[in-house]
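Take a look at the structure set out below.
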Amino acid sequence: MTDIRPEQAYFAHLAQGKFMLQRSSSSGRFFFYPRVAEPRTGAQDLEWVEASGRGTVYATTVVRVKPPQPPYNVVLVDLEEGPRIMSRVEGIAPELVRIGMKVKARIGTQDEKSILLFDVADDEEAVA
Amino acid sequence: MTRDRFPRGKSAIVGAATYGMGEAPGMSSMDLAVSASVKALSQVGLKPSEVDGLFIGLPDDFLSGLTFAEYLGIQPRITENNRTGGSAFLTHAMWAALAIESGQCDVALIAYGSNQRTASGGLVSAMRPSSYEAPYKLSRPVGAYALATSRYMHEYGLKREQLGEVALAARQWAQLNPDAFMRDPLSMEDYLKSRMVSDPICVRDCCLVTDGAAAVVMVSARRAKDLVARPVYLLGAAAATDHRDITSMPDLTTTAAVHSGARAFAQAGVKPSDIDVVELYDAFTINTLLFLEDLGFCKKGEGGAFVEGGRIAPGGQLAVNTNGGGLSCVHPGMYGLFTMVEATQQLMGLAGQRQVQDAKLALAHGNGGELSSQATLVLGIEETL
């Protein structure tokens with residue numbers, strides 16, 4: 001069996017513009033963060049699958065830092081594939097991010113590194 | 001699962017003390033922990049050299065069990081340095097009870113101290129965010145509790161005023177406690193006007209950042225009666241863990257206290273409505289609501305309504321966080337042991353102006369990490385055995 005190097009592989013994918021999730025091929029279950037074994041089962045028949053990028057905001061906060069730095073948003077997003085992930089919704093004021101909002105993943109850059117971000121999904125804007 | 005054979009009532013707390021509450025300039029965390037320990041031991045005429053079961057975890061010393069033993073020149077048979085965050089000390093009590101019952105130790109000391117306020121002016125934490133989460137700069141731990149609060153508000157329509165009730169009740173209890181750090185009056189208007197830190201959590205939803213130390217001495221129930229007039233028996237003790245980072249918490253509105261509480265109550269053979277004094281780990285106001293629900297004092301989603309009208313304040317129907325809690329009394333990084341000290345003082349009848357009349361049964365509940373690790377103790381006086 002080839003060694004799994006979860007963190008290295010995840011960020012290497014991200015640097016290549018791909019948001020990849022791990023899945024156990026026997027159970028078909030996705031999980032995040034990347035690991036060397038599936039939670040609970042310990043299964044190591046893991047494969048990387050490109051995520052749909054579709055998700056729903058599960059929880060949200062606005063971090064109020066010392067002015068003049070602007071406040072920013074941190075969310076937990078429930079991905080369509082199942083796992084929950086921490087991220088930031090961009091493109092709207094941080095306090096306008098709502099629980100239940102449909103969001104779409106995008107890979108951006110922060111501090112010269114690739115970072116997974118979310119935008120409000122097109123179909124969500126149509127509803128709003 | 002094997003049947004739970006927790007030794008109900010076989011061990012007891014005989015000494016409980018705090019030290020350096022609020023600010024203790026010039027003292028190290030270890031100086032503080034030792035000061036509280038010597039004080040708790042001296043209450044029952046014991047010397048450090050008689051401690052053969054040591055349970056400790058300091059925020060700034062990874063090997064604090066070894067340091068403490070060296071500091072006091074003791075050679076414990078058990079040196080336990082478990083780290084489940086702020087709940088660690090309640091799990092220490094669980095292990096101490098088992099160790100005492102099986103003869104692994106005779107005198108167990110549980111100790112904690114931190115000088116975080118005067119030494120650094122901020123929270124001292126060994127928690128480091130993972131590479132997957134660090135880039136989003138969630139302010140931790142407050143941001144994690146803010147995420148939980150946001151979800152709870154979404155699911156149950158919780159109002160900020162209901163969180164405010166928790167903060168106000170804590171402050172009113174603190175006003176009855178000369179050792180409490182914040183005793184100025186706090187009104188709902190003050191609460192609602194206080195600065196947002198991480199929406200929807202404001203400054204008055206957050207615990208204090210103080211110095212402080214606590215220590216608890218446990219012995220067998222047989223020996224306890226020779227040492228103290230009113231021992232506080234450990235009737236039930238259970239812990240549960242389900243995640244570390246808030247992202248991995250299965251449901252942000254329900255904690256593992258559901259499990260630790262149910263097991264501790266079953267061991268003790270009592271139910272929430274039997275409890276006279278409730279000490280909950282209130283790092284943030286949402287904790288008090290979640291734990292009241294998860295431990296069975298009210299139903300899920302009803303915590304906000306439950307605390308309205310001063311129900312958990314002095315003179316209310318349920319005495320909760322009678323020392324003023326982490327919100328208004330003391331919160332030196334990890335608060336767990338202070339819930340045990342306050343529960344003990346209440347059951348021993350030593351709580352002064354804030355004494356709950358005829359307190360026979362108390363619950364102490366610890367929380368660690370980001371609602372991650374939960375530990376519940378049920379404590380009682382002799383007639384509850």
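Each chain in the structure tokens gets a letter, A, B, ..., in the order shown, and its residues are numbered from 1; ligands are numbered from 1 in order too.
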Mind running chain A against chain B at 8 Å and telling me each contacting residue's nearest atom pair with the distance in Å (one decimal), counting only C-alpha atoms, chain and number ascending, as a Markdown table?
```
| residue | atom | partner | partner_atom | distance |
| --- | --- | --- | --- | --- |
| A:Tyr33 | CA | B:Tyr132 | CA | 7.4 |
| A:Tyr58 | CA | B:Arg151 | CA | 7.1 |
| A:Ala59 | CA | B:Arg151 | CA | 5.3 |
| A:Thr60 | CA | B:Leu147 | CA | 5.5 |
| A:Thr61 | CA | B:Asp199 | CA | 5.1 |
| A:Val62 | CA | B:Asp199 | CA | 5.1 |
| A:Val63 | CA | B:Ser198 | CA | 4.5 |
| A:Arg64 | CA | B:Val197 | CA | 5.3 |
| A:Val65 | CA | B:Val197 | CA | 7.7 |
| A:Val74 | CA | B:Leu138 | CA | 6.4 |
| A:Val75 | CA | B:Leu147 | CA | 7.6 |
| A:Leu76 | CA | B:Thr247 | CA | 6.7 |
| A:Arg84 | CA | B:Thr247 | CA | 6.5 |
| A:Ile85 | CA | B:Thr247 | CA | 6.3 |
| A:Met86 | CA | B:Glu133 | CA | 6.2 |
| A:Ser87 | CA | B:Tyr136 | CA | 6.1 |
| A:Arg88 | CA | B:Tyr136 | CA | 6.6 |
| A:Ile99 | CA | B:His154 | CA | 7.2 |
| A:Gln110 | CA | B:Pro135 | CA | 7.9 |
| A:Ile115 | CA | B:Pro135 | CA | 7.5 |
```
Take the residues just selected and output them with N, CA and C atoms as a PDB file, in the first residue's frame.
```
ATOM      1  N   TYR A  33     -11.163  16.593   7.915  1.00  0.00           N
ATOM      2  CA  TYR A  33      -9.946  16.845   7.187  1.00  0.00           C
ATOM      3  C   TYR A  33      -9.328  15.538   6.686  1.00  0.00           C
ATOM      4  N   TYR A  58     -23.494  26.347   7.607  1.00  0.00           N
ATOM      5  CA  TYR A  58     -24.044  25.681   8.794  1.00  0.00           C
ATOM      6  C   TYR A  58     -23.996  26.598  10.019  1.00  0.00           C
ATOM      7  N   ALA A  59     -22.930  27.395  10.114  1.00  0.00           N
ATOM      8  CA  ALA A  59     -22.781  28.323  11.241  1.00  0.00           C
ATOM      9  C   ALA A  59     -21.905  29.468  10.764  1.00  0.00           C
ATOM     10  N   THR A  60     -22.075  30.644  11.371  1.00  0.00           N
ATOM     11  CA  THR A  60     -21.319  31.809  10.895  1.00  0.00           C
ATOM     12  C   THR A  60     -21.011  32.774  12.028  1.00  0.00           C
ATOM     13  N   THR A  61     -19.876  33.425  11.908  1.00  0.00           N
ATOM     14  CA  THR A  61     -19.531  34.485  12.857  1.00  0.00           C
ATOM     15  C   THR A  61     -18.789  35.595  12.135  1.00  0.00           C
ATOM     16  N   VAL A  62     -18.801  36.777  12.735  1.00  0.00           N
ATOM     17  CA  VAL A  62     -18.020  37.899  12.226  1.00  0.00           C
ATOM     18  C   VAL A  62     -16.966  38.205  13.275  1.00  0.00           C
ATOM     19  N   VAL A  63     -15.708  38.053  12.916  1.00  0.00           N
ATOM     20  CA  VAL A  63     -14.626  38.318  13.855  1.00  0.00           C
ATOM     21  C   VAL A  63     -14.350  39.819  13.841  1.00  0.00           C
ATOM     22  N   ARG A  64     -14.533  40.443  15.008  1.00  0.00           N
ATOM     23  CA  ARG A  64     -14.343  41.901  15.134  1.00  0.00           C
ATOM     24  C   ARG A  64     -12.923  42.150  15.627  1.00  0.00           C
ATOM     25  N   VAL A  65     -12.056  42.514  14.720  1.00  0.00           N
ATOM     26  CA  VAL A  65     -10.672  42.786  15.103  1.00  0.00           C
ATOM     27  C   VAL A  65     -10.526  44.268  15.405  1.00  0.00           C
ATOM     28  N   VAL A  74     -16.109  34.115   9.347  1.00  0.00           N
ATOM     29  CA  VAL A  74     -15.670  32.714   9.364  1.00  0.00           C
ATOM     30  C   VAL A  74     -16.932  31.855   9.405  1.00  0.00           C
ATOM     31  N   VAL A  75     -16.969  30.854   8.557  1.00  0.00           N
ATOM     32  CA  VAL A  75     -18.156  29.988   8.496  1.00  0.00           C
ATOM     33  C   VAL A  75     -17.763  28.523   8.627  1.00  0.00           C
ATOM     34  N   LEU A  76     -18.746  27.741   9.000  1.00  0.00           N
ATOM     35  CA  LEU A  76     -18.668  26.304   8.815  1.00  0.00           C
ATOM     36  C   LEU A  76     -19.636  25.985   7.681  1.00  0.00           C
ATOM     37  N   ARG A  84     -18.100  18.634   6.915  1.00  0.00           N
ATOM     38  CA  ARG A  84     -18.200  20.047   7.295  1.00  0.00           C
ATOM     39  C   ARG A  84     -16.792  20.625   7.276  1.00  0.00           C
ATOM     40  N   ILE A  85     -16.683  21.890   6.851  1.00  0.00           N
ATOM     41  CA  ILE A  85     -15.362  22.481   6.668  1.00  0.00           C
ATOM     42  C   ILE A  85     -15.396  23.943   7.100  1.00  0.00           C
ATOM     43  N   MET A  86     -14.290  24.407   7.666  1.00  0.00           N
ATOM     44  CA  MET A  86     -14.209  25.819   8.034  1.00  0.00           C
ATOM     45  C   MET A  86     -13.717  26.623   6.845  1.00  0.00           C
ATOM     46  N   SER A  87     -14.295  27.817   6.642  1.00  0.00           N
ATOM     47  CA  SER A  87     -13.848  28.654   5.542  1.00  0.00           C
ATOM     48  C   SER A  87     -14.356  30.088   5.734  1.00  0.00           C
ATOM     49  N   ARG A  88     -14.319  30.847   4.658  1.00  0.00           N
ATOM     50  CA  ARG A  88     -14.780  32.237   4.673  1.00  0.00           C
ATOM     51  C   ARG A  88     -15.608  32.449   3.420  1.00  0.00           C
ATOM     52  N   ILE A  99     -26.953  31.601   7.862  1.00  0.00           N
ATOM     53  CA  ILE A  99     -27.036  30.142   7.967  1.00  0.00           C
ATOM     54  C   ILE A  99     -28.074  29.661   6.951  1.00  0.00           C
ATOM     55  N   GLN A 110      -3.929  33.539  -0.366  1.00  0.00           N
ATOM     56  CA  GLN A 110      -3.759  34.355   0.834  1.00  0.00           C
ATOM     57  C   GLN A 110      -2.353  34.107   1.348  1.00  0.00           C
ATOM     58  N   ILE A 115      -5.799  28.962  -0.916  1.00  0.00           N
ATOM     59  CA  ILE A 115      -6.740  28.838   0.193  1.00  0.00           C
ATOM     60  C   ILE A 115      -8.127  28.571  -0.368  1.00  0.00           C
TER      61      ILE A 115
END
```
Could you find all residues in segment 69-296 of chain B that DSSP calls strand (DSSP E) from the backbone, and write them as a ChimeraX atom specification? /B:78-80,108-114,196-198,201-202,211-220,232-241,277-280
For Ala93 of chain B, please output as a PyMOL selection string all residues within 10 Å (counting only C-alpha atoms; exclusion window: fewer than 6 positions along the same chain). chain B and resi 11-13+55+99+108-110+216-218+234+236-238+337+340+375-377
Computed interatomic separation between atom CA of Thr210 of chain B and atom CA of Gly326 of chain B (Å):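 Atom-to-atom, atom CA of Thr210 of chain B and atom CA of Gly326 of chain B are spaced 9.4 Å apart.
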Excluding Asn323 of chain B and any residue of its chain fewer than 5 positions from it, enumerate the residues within 10 Å of it, using only C-alpha atoms, and give them as a list in words.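 Surrounding residues, per the criterion: Ala170, Arg171, Gln172, Trp173, Ala174, Gln175, Leu176, Asn177, Pro178, Asp179, Ala180, Glu279, Ser328, Cys329, Val330, Phe338, Thr339, Val341, Glu342, Ala343, Gln345, Gln346, Ala351, Arg354 and Gln355 of chain B.
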Calculated over only C-alpha atoms, which of the candidates A:Phe31, A:Lys113, A:Asp45, A:Glu124 has the smallest distance to Asp78 of chain A?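 Going through A:Phe31, A:Lys113, A:Asp45, A:Glu124 one by one, the smallest distance to Asp78 of chain A is for A:Phe31.
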Can you list every residue in chain A that DSSP puts in helix (DSSP H, G or I), as a PyMOL selection string? chain A and resi 6-15+94-96+122-127
Go ahead and write the residues just picked, C-alpha atoms, as a PDB file, in the first residue's frame.
```pdb
ATOM      1  CA  PRO A   6      -2.843  13.602   3.920  1.00  0.00           C
ATOM      2  CA  GLU A   7      -1.813  17.170   4.566  1.00  0.00           C
ATOM      3  CA  GLN A   8       0.859  17.290   1.862  1.00  0.00           C
ATOM      4  CA  ALA A   9      -1.478  15.796  -0.709  1.00  0.00           C
ATOM      5  CA  TYR A  10      -4.401  18.085   0.149  1.00  0.00           C
ATOM      6  CA  PHE A  11      -2.393  21.284  -0.141  1.00  0.00           C
ATOM      7  CA  ALA A  12      -0.586  20.045  -3.275  1.00  0.00           C
ATOM      8  CA  HIS A  13      -4.004  19.505  -4.889  1.00  0.00           C
ATOM      9  CA  LEU A  14      -5.136  22.930  -3.755  1.00  0.00           C
ATOM     10  CA  ALA A  15      -2.007  24.527  -5.236  1.00  0.00           C
ATOM     11  CA  PRO A  94     -19.446  39.557   6.573  1.00  0.00           C
ATOM     12  CA  GLU A  95     -22.583  40.174   8.619  1.00  0.00           C
ATOM     13  CA  LEU A  96     -24.821  39.358   5.629  1.00  0.00           C
ATOM     14  CA  ASP A 122     -25.658  31.752  -8.228  1.00  0.00           C
ATOM     15  CA  ASP A 123     -28.944  30.038  -7.363  1.00  0.00           C
ATOM     16  CA  GLU A 124     -28.822  31.604  -3.875  1.00  0.00           C
ATOM     17  CA  GLU A 125     -28.574  35.086  -5.355  1.00  0.00           C
ATOM     18  CA  ALA A 126     -31.560  34.343  -7.538  1.00  0.00           C
ATOM     19  CA  VAL A 127     -33.568  33.541  -4.407  1.00  0.00           C
TER      20      VAL A 127
END
```
When you look at segment 38-44 of chain A with a cut-off of 10 Å (counting only C-alpha atoms), what residues show up, excluding the ones that are within fewer than 6 positions of it in the same chain? I need them as a PyMOL selection string. chain A and resi 1+3-4+22-27+29-32
Nearby residues (only C-alpha atoms) at most 12 Å from Glu189 of chain B, same-chain spacing under 2 positions excluded, as a ChimeraX atom specification: /B:160-161,164-165,167-168,185-187,191-194,204
For a test of reading the model, state the distance in Å between atom CA of Glu23 of chain B and atom CA of Ile74 of chain B, rounded to one decimal. 28.0 Å
I'd like the contact shell of Glu50 of chain B - 10 Å cut-off, only C-alpha atoms, skipping same-chain residues fewer than 2 positions apart - returned as a ChimeraX atom specification. /B:41,46-48,52-53,74-76,106-109
